[in-house]
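One structure below.
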Amino acid sequence: MIRKVASNSYDAILLDLYEGPHAASQRGDDRFYGPGALDRSSRALKPGGVLAVWSEDPDDAFLRRLRGAGYTVTVDRSGTTRVHVVYLAVKQR
């Protein structure tokens with residue numbers, strides 16, 4: 001579990017879950033995509049580390065939470081029949 005990891009332990013964390021962030025995961029206590037989860041991920045990452053999150057669809061609220069948590073975020077959209085999204089969030093030093 002990420003909450004039990006020492007600070008600055010990982011170069012990268014990848015979340016590739018079934019649907020990714022979406023309207024139903026907007027609760028503040030969401031254990032994968034909520035503010036607390038983003039804070040725990042940030043603590044576990046080394047400075048310059050990357051939190052990569054796959055999502056079935058774009059989610060502007062999640063993008064705002066990532067930026068609000070202090071990450072620099074790039075959004076990659078790919079796919080031929082459906083636009084999937086990968087958020088690449090870099091922890092600031």
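Ordering of the structure tokens sets the chain letters (A, B, ...), residue numbers begin anew at 1 in every chain, and ligands are numbered from 1 in the order given.
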Check which residues of region 38-66 of chain A sit at most 10 Å from region 7-17 of chain A using only C-alpha atoms, and return one row each with the closest pair of atoms and their distance in Å to one decimal, ordered by chain and rising number, as JSON lines.
{"residue": "A:Arg40", "atom": "CA", "partner": "A:Ser7", "partner_atom": "CA", "distance": 9.1}
{"residue": "A:Ser41", "atom": "CA", "partner": "A:Ile13", "partner_atom": "CA", "distance": 7.5}
{"residue": "A:Ser42", "atom": "CA", "partner": "A:Asn8", "partner_atom": "CA", "distance": 8.3}
{"residue": "A:Arg43", "atom": "CA", "partner": "A:Ser7", "partner_atom": "CA", "distance": 5.2}
{"residue": "A:Ala44", "atom": "CA", "partner": "A:Ser7", "partner_atom": "CA", "distance": 4.7}
{"residue": "A:Leu45", "atom": "CA", "partner": "A:Tyr10", "partner_atom": "CA", "distance": 4.7}
{"residue": "A:Lys46", "atom": "CA", "partner": "A:Asn8", "partner_atom": "CA", "distance": 4.0}
{"residue": "A:Pro47", "atom": "CA", "partner": "A:Asn8", "partner_atom": "CA", "distance": 7.0}
{"residue": "A:Gly48", "atom": "CA", "partner": "A:Asp11", "partner_atom": "CA", "distance": 7.6}
{"residue": "A:Gly49", "atom": "CA", "partner": "A:Asp11", "partner_atom": "CA", "distance": 4.6}
{"residue": "A:Val50", "atom": "CA", "partner": "A:Ala12", "partner_atom": "CA", "distance": 4.6}
{"residue": "A:Leu51", "atom": "CA", "partner": "A:Ile13", "partner_atom": "CA", "distance": 4.9}
{"residue": "A:Ala52", "atom": "CA", "partner": "A:Leu14", "partner_atom": "CA", "distance": 4.8}
{"residue": "A:Val53", "atom": "CA", "partner": "A:Leu15", "partner_atom": "CA", "distance": 4.8}
{"residue": "A:Trp54", "atom": "CA", "partner": "A:Asp16", "partner_atom": "CA", "distance": 5.1}
{"residue": "A:Ser55", "atom": "CA", "partner": "A:Asp16", "partner_atom": "CA", "distance": 7.5}
{"residue": "A:Glu56", "atom": "CA", "partner": "A:Leu17", "partner_atom": "CA", "distance": 9.4}
Quiz item: If you run DSSP on the backbone, which residues of chain A are strand (DSSP E or B), as a ChimeraX atom specification?
Solution: /A:10-15,45-55,71-78,84-91
Quiz item: Hey, what does DSSP flag as helix (DSSP H, G or I) within chain A? Can you give it to me as number ranges by chain?
Solution: A: 2-4, 23-25, 35-44, 60-68
Practice problem: Would you mind telling me which residue in A:Arg3, A:His84, A:Arg93, A:Arg77 lies nearest to Gly36 (chain A) when using only C-alpha atoms? | Solution: A:Arg3
Practice problem: Rank A:Leu88, A:Leu66, A:Val73, A:Val5 by their smallest atom-to-atom distance to Gly34 (chain A), using only C-alpha atoms, and report the top residue only. | Solution: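 Result for the nearest residue to Gly34 (chain A): A:Leu66.
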Under the rule of at most 8 Å, produce a per-residue listing of region 5-49 of chain A near region 61-64 of chain A: chain, number, name, the closest pair of atoms, and the distance in Å, as CSV, using only C-alpha atoms.
residue,atom,partner,partner_atom,distance
A:Pro21,CA,A:Phe62,CA,6.6
A:His22,CA,A:Phe62,CA,7.7
A:Gln26,CA,A:Ala61,CA,7.5
A:Tyr33,CA,A:Phe62,CA,7.2
